[in-house]
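Below you'll find the structure, written out as structure tokens, and then a few comments.
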Amino acid sequence: MMKTDDTIVSTVTREAVGLCTPFRVYLVSEKRSSKGALLGFKLCLIVSDEKDPDDVETELLINIDTPVPCDYIVYTLSDWNDCVDDDATFAYRIENSGELLYE
């Protein structure tokens with residue numbers, strides 16, 4: 001269920017889904033040049049509670065090559081559910097202003 005038409009973001013999202021089978025992937029932010037070229041972006045992935053977010057992030061950084069910088073934020077489903085309704089959390093901001101790329 002990808003909405004973005006950016007090839008780099010779409011490709012990285014597909015590769016991330018293949019590596020860690022997340023429940024959801026959000027595009028948190030992106031940086032573009034004055035001409036609209038993608039310069040970097042940040043994804044948020046929500047994974048099962050059995051996975052360690054630090055291990056998932058490391059796996060993504062090691063195994064996915066990107067032509068522009070890409071950062072990852074990884075939440076377990078329980079941590080996400082604990083935070084997403086609190087408007088003082090980053091999860092809340094992601095849920096309400098990020099672009100859902102995969103579910």
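Each chain in the structure tokens gets a letter, A, B and so on, in the order shown; residues start at 1 in every chain, and ligands are counted from 1 in the order they appear.
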
Mind running segment 46-88 of chain A against segment 26-31 of chain A at 12 Å and telling me each contacting residue's nearest atom pair with the distance in Å (one decimal), counting only C-alpha atoms, chain and number ascending, as a tab-separated table?
residue	atom	partner	partner_atom	distance
A:Ile46	CA	A:Tyr26	CA	8.8
A:Val68	CA	A:Lys31	CA	10.0
A:Pro69	CA	A:Lys31	CA	9.7
A:Cys70	CA	A:Glu30	CA	9.0
A:Asp71	CA	A:Val28	CA	9.6
A:Tyr72	CA	A:Val28	CA	9.2
A:Ile73	CA	A:Val28	CA	8.9
A:Val74	CA	A:Tyr26	CA	10.4
A:Tyr75	CA	A:Tyr26	CA	11.4

For the residues in that selection, give me N, CA and C atoms as an mmCIF file, in the first residue's frame.
data_model
loop_
_atom_site.group_PDB
_atom_site.id
_atom_site.type_symbol
_atom_site.label_atom_id
_atom_site.label_comp_id
_atom_site.auth_asym_id
_atom_site.auth_seq_id
_atom_site.Cartn_x
_atom_site.Cartn_y
_atom_site.Cartn_z
ATOM 1 N N ILE A 46 7.432 -0.403 12.380
ATOM 2 C CA ILE A 46 6.853 -1.016 13.571
ATOM 3 C C ILE A 46 6.947 -2.523 13.368
ATOM 4 N N VAL A 68 21.170 7.893 -1.315
ATOM 5 C CA VAL A 68 21.082 9.085 -0.461
ATOM 6 C C VAL A 68 20.980 8.607 0.984
ATOM 7 N N PRO A 69 21.320 9.433 1.950
ATOM 8 C CA PRO A 69 21.223 9.014 3.349
ATOM 9 C C PRO A 69 19.789 8.624 3.746
ATOM 10 N N CYS A 70 19.706 7.559 4.516
ATOM 11 C CA CYS A 70 18.425 7.082 5.031
ATOM 12 C C CYS A 70 18.599 6.703 6.497
ATOM 13 N N ASP A 71 17.733 7.237 7.346
ATOM 14 C CA ASP A 71 17.732 6.890 8.766
ATOM 15 C C ASP A 71 16.496 6.046 9.055
ATOM 16 N N TYR A 72 16.601 5.220 10.091
ATOM 17 C CA TYR A 72 15.497 4.357 10.483
ATOM 18 C C TYR A 72 15.161 4.575 11.950
ATOM 19 N N ILE A 73 13.890 4.579 12.241
ATOM 20 C CA ILE A 73 13.381 4.559 13.608
ATOM 21 C C ILE A 73 12.590 3.269 13.709
ATOM 22 N N VAL A 74 12.890 2.449 14.709
ATOM 23 C CA VAL A 74 12.219 1.162 14.825
ATOM 24 C C VAL A 74 11.542 1.062 16.188
ATOM 25 N N TYR A 75 10.260 0.764 16.159
ATOM 26 C CA TYR A 75 9.469 0.533 17.370
ATOM 27 C C TYR A 75 8.973 -0.911 17.358
#

Give me every alpha helix (DSSP H) residue in segment 22-74 of chain A, going by DSSP on the backbone, as a list in words.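 For segment 22-74 of chain A, the alpha helix (DSSP H) set is Pro53, Asp54, Asp55, Val56, Glu57, Thr58, Glu59, Leu60, Leu61, Ile62 and Asn63 of chain A.
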
Would you put the residues from that selection into a file with N, CA, C and O atoms, as a short mmCIF file (atom, residue, chain, number, x, y, z; two decimals), in the first residue's frame?
data_model
loop_
_atom_site.label_atom_id
_atom_site.label_comp_id
_atom_site.auth_asym_id
_atom_site.auth_seq_id
_atom_site.Cartn_x
_atom_site.Cartn_y
_atom_site.Cartn_z
N PRO A 53 14.56 -3.74 18.44
CA PRO A 53 14.63 -2.60 17.52
C PRO A 53 16.05 -2.23 17.11
O PRO A 53 16.29 -1.88 15.94
N ASP A 54 17.01 -2.32 18.02
CA ASP A 54 18.40 -1.99 17.68
C ASP A 54 18.96 -2.98 16.66
O ASP A 54 19.67 -2.59 15.73
N ASP A 55 18.64 -4.26 16.83
CA ASP A 55 19.09 -5.28 15.88
C ASP A 55 18.47 -5.07 14.50
O ASP A 55 19.13 -5.22 13.48
N VAL A 56 17.18 -4.72 14.48
CA VAL A 56 16.50 -4.47 13.21
C VAL A 56 17.13 -3.28 12.51
O VAL A 56 17.42 -3.32 11.31
N GLU A 57 17.36 -2.21 13.25
CA GLU A 57 17.98 -1.02 12.66
C GLU A 57 19.35 -1.34 12.09
O GLU A 57 19.69 -0.93 10.97
N THR A 58 20.15 -2.09 12.82
CA THR A 58 21.47 -2.48 12.33
C THR A 58 21.36 -3.32 11.07
O THR A 58 22.09 -3.09 10.10
N GLU A 59 20.44 -4.27 11.06
CA GLU A 59 20.24 -5.12 9.88
C GLU A 59 19.86 -4.28 8.66
O GLU A 59 20.37 -4.49 7.55
N LEU A 60 18.99 -3.31 8.85
CA LEU A 60 18.58 -2.44 7.75
C LEU A 60 19.75 -1.62 7.24
O LEU A 60 19.97 -1.52 6.03
N LEU A 61 20.51 -1.04 8.15
CA LEU A 61 21.65 -0.20 7.75
C LEU A 61 22.73 -1.00 7.02
O LEU A 61 23.35 -0.50 6.07
N ILE A 62 22.94 -2.23 7.43
CA ILE A 62 23.97 -3.06 6.81
C ILE A 62 23.52 -3.60 5.46
O ILE A 62 24.31 -3.67 4.52
N ASN A 63 22.26 -3.97 5.34
CA ASN A 63 21.81 -4.72 4.17
C ASN A 63 21.11 -3.92 3.08
O ASN A 63 20.86 -4.45 2.01
#

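As for atom CA of Ser48 of chain A and atom CA of Pro22 of chain A, they are spaced 7.0 Å apart.
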
Closest pair table for segment 20-63 of chain A residues within 9 Å of segment 76-89 of chain A, only C-alpha atoms, as CSV:
residue,atom,partner,partner_atom,distance
A:Phe23,CA,A:Leu77,CA,7.9
A:Leu45,CA,A:Thr76,CA,8.4
A:Ile46,CA,A:Thr76,CA,5.5
A:Val47,CA,A:Thr76,CA,4.9
A:Ser48,CA,A:Thr76,CA,5.5
A:Asp49,CA,A:Thr76,CA,5.0
A:Glu50,CA,A:Thr76,CA,8.1
A:Lys51,CA,A:Thr76,CA,7.1
A:Asp52,CA,A:Thr76,CA,7.6
A:Pro53,CA,A:Thr76,CA,6.6

Out of chain A, which residues get strand (DSSP E or B) from DSSP, as a PyMOL selection string? chain A and resi 24-32+38-47+70-76+99-102

Can I get the selected residues back with N, CA, C and O atoms, as a compact mmCIF listing (two decimals), in the first residue's frame?
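Output contents, as saved in result36.txt:
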# COMPACT_ATOMS: atom_id res chain seq x y z
N ARG A 24 3.97 -1.96 9.86
CA ARG A 24 3.78 -0.70 9.13
C ARG A 24 5.13 -0.05 8.87
O ARG A 24 6.08 -0.24 9.64
N VAL A 25 5.16 0.77 7.81
CA VAL A 25 6.31 1.60 7.51
C VAL A 25 5.79 2.99 7.18
O VAL A 25 4.87 3.14 6.38
N TYR A 26 6.37 3.98 7.84
CA TYR A 26 6.00 5.38 7.61
C TYR A 26 7.20 6.13 7.04
O TYR A 26 8.33 5.90 7.46
N LEU A 27 6.92 7.06 6.13
CA LEU A 27 7.91 8.04 5.74
C LEU A 27 7.78 9.18 6.73
O LEU A 27 6.74 9.84 6.81
N VAL A 28 8.81 9.38 7.56
CA VAL A 28 8.78 10.37 8.62
C VAL A 28 9.13 11.75 8.07
O VAL A 28 8.47 12.74 8.36
N SER A 29 10.19 11.79 7.28
CA SER A 29 10.63 13.06 6.72
C SER A 29 11.48 12.79 5.50
O SER A 29 11.98 11.68 5.29
N GLU A 30 11.62 13.83 4.70
CA GLU A 30 12.51 13.75 3.55
C GLU A 30 13.09 15.13 3.31
O GLU A 30 12.48 16.14 3.64
N LYS A 31 14.29 15.12 2.78
CA LYS A 31 14.96 16.38 2.45
C LYS A 31 15.16 16.39 0.94
O LYS A 31 15.61 15.40 0.36
N ARG A 32 14.81 17.51 0.33
CA ARG A 32 14.91 17.64 -1.12
C ARG A 32 15.70 18.89 -1.49
O ARG A 32 15.70 19.87 -0.76
N LEU A 38 15.66 14.15 -4.31
CA LEU A 38 15.72 13.59 -2.95
C LEU A 38 17.16 13.60 -2.46
O LEU A 38 18.06 13.09 -3.12
N LEU A 39 17.39 14.19 -1.29
CA LEU A 39 18.72 14.26 -0.69
C LEU A 39 18.87 13.33 0.51
O LEU A 39 19.99 12.98 0.89
N GLY A 40 17.77 12.92 1.13
CA GLY A 40 17.79 12.04 2.28
C GLY A 40 16.39 11.87 2.82
O GLY A 40 15.49 12.66 2.51
N PHE A 41 16.19 10.82 3.64
CA PHE A 41 14.87 10.57 4.20
C PHE A 41 14.97 9.71 5.44
O PHE A 41 16.01 9.12 5.73
N LYS A 42 13.86 9.65 6.18
CA LYS A 42 13.80 8.88 7.42
C LYS A 42 12.54 8.02 7.38
O LYS A 42 11.45 8.51 7.07
N LEU A 43 12.70 6.73 7.69
CA LEU A 43 11.58 5.79 7.77
C LEU A 43 11.37 5.33 9.20
O LEU A 43 12.33 5.20 9.96
N CYS A 44 10.13 5.07 9.54
CA CYS A 44 9.79 4.46 10.82
C CYS A 44 9.15 3.11 10.54
O CYS A 44 8.23 3.01 9.72
N LEU A 45 9.64 2.08 11.22
CA LEU A 45 9.10 0.73 11.07
C LEU A 45 8.58 0.23 12.40
O LEU A 45 9.23 0.43 13.44
N ILE A 46 7.43 -0.40 12.38
CA ILE A 46 6.85 -1.02 13.57
C ILE A 46 6.95 -2.52 13.37
O ILE A 46 6.38 -3.06 12.40
N VAL A 47 7.69 -3.19 14.27
CA VAL A 47 7.97 -4.62 14.12
C VAL A 47 7.38 -5.39 15.30
O VAL A 47 6.95 -4.81 16.29
N CYS A 70 19.71 7.56 4.52
CA CYS A 70 18.42 7.08 5.03
C CYS A 70 18.60 6.70 6.50
O CYS A 70 19.51 5.96 6.84
N ASP A 71 17.73 7.24 7.35
CA ASP A 71 17.73 6.89 8.77
C ASP A 71 16.50 6.05 9.06
O ASP A 71 15.46 6.18 8.38
N TYR A 72 16.60 5.22 10.09
CA TYR A 72 15.50 4.36 10.48
C TYR A 72 15.16 4.58 11.95
O TYR A 72 16.06 4.71 12.78
N ILE A 73 13.89 4.58 12.24
CA ILE A 73 13.38 4.56 13.61
C ILE A 73 12.59 3.27 13.71
O ILE A 73 11.72 3.01 12.87
N VAL A 74 12.89 2.45 14.71
CA VAL A 74 12.22 1.16 14.82
C VAL A 74 11.54 1.06 16.19
O VAL A 74 12.17 1.28 17.22
N TYR A 75 10.26 0.76 16.16
CA TYR A 75 9.47 0.53 17.37
C TYR A 75 8.97 -0.91 17.36
O TYR A 75 8.64 -1.43 16.29
N THR A 76 8.88 -1.52 18.54
CA THR A 76 8.12 -2.76 18.62
C THR A 76 6.65 -2.37 18.65
O THR A 76 6.29 -1.23 18.98
N GLU A 99 3.80 9.77 6.36
CA GLU A 99 3.08 9.13 5.25
C GLU A 99 3.18 7.62 5.40
O GLU A 99 4.28 7.06 5.41
N LEU A 100 2.03 6.97 5.53
CA LEU A 100 2.00 5.51 5.63
C LEU A 100 2.35 4.92 4.27
O LEU A 100 1.64 5.15 3.29
N LEU A 101 3.46 4.19 4.23
CA LEU A 101 3.93 3.59 2.98
C LEU A 101 3.56 2.13 2.85
O LEU A 101 3.44 1.61 1.74
N TYR A 102 3.45 1.45 3.99
CA TYR A 102 3.19 0.01 3.98
C TYR A 102 2.41 -0.37 5.22
O TYR A 102 2.70 0.12 6.31

At what distance in Å, to one decimal, does atom CA of Thr21 of chain A lie from atom CA of Tyr92 of chain A?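 So the two atoms, atom CA of Tyr92 of chain A and atom CA of Thr21 of chain A, lie 21.8 Å apart.
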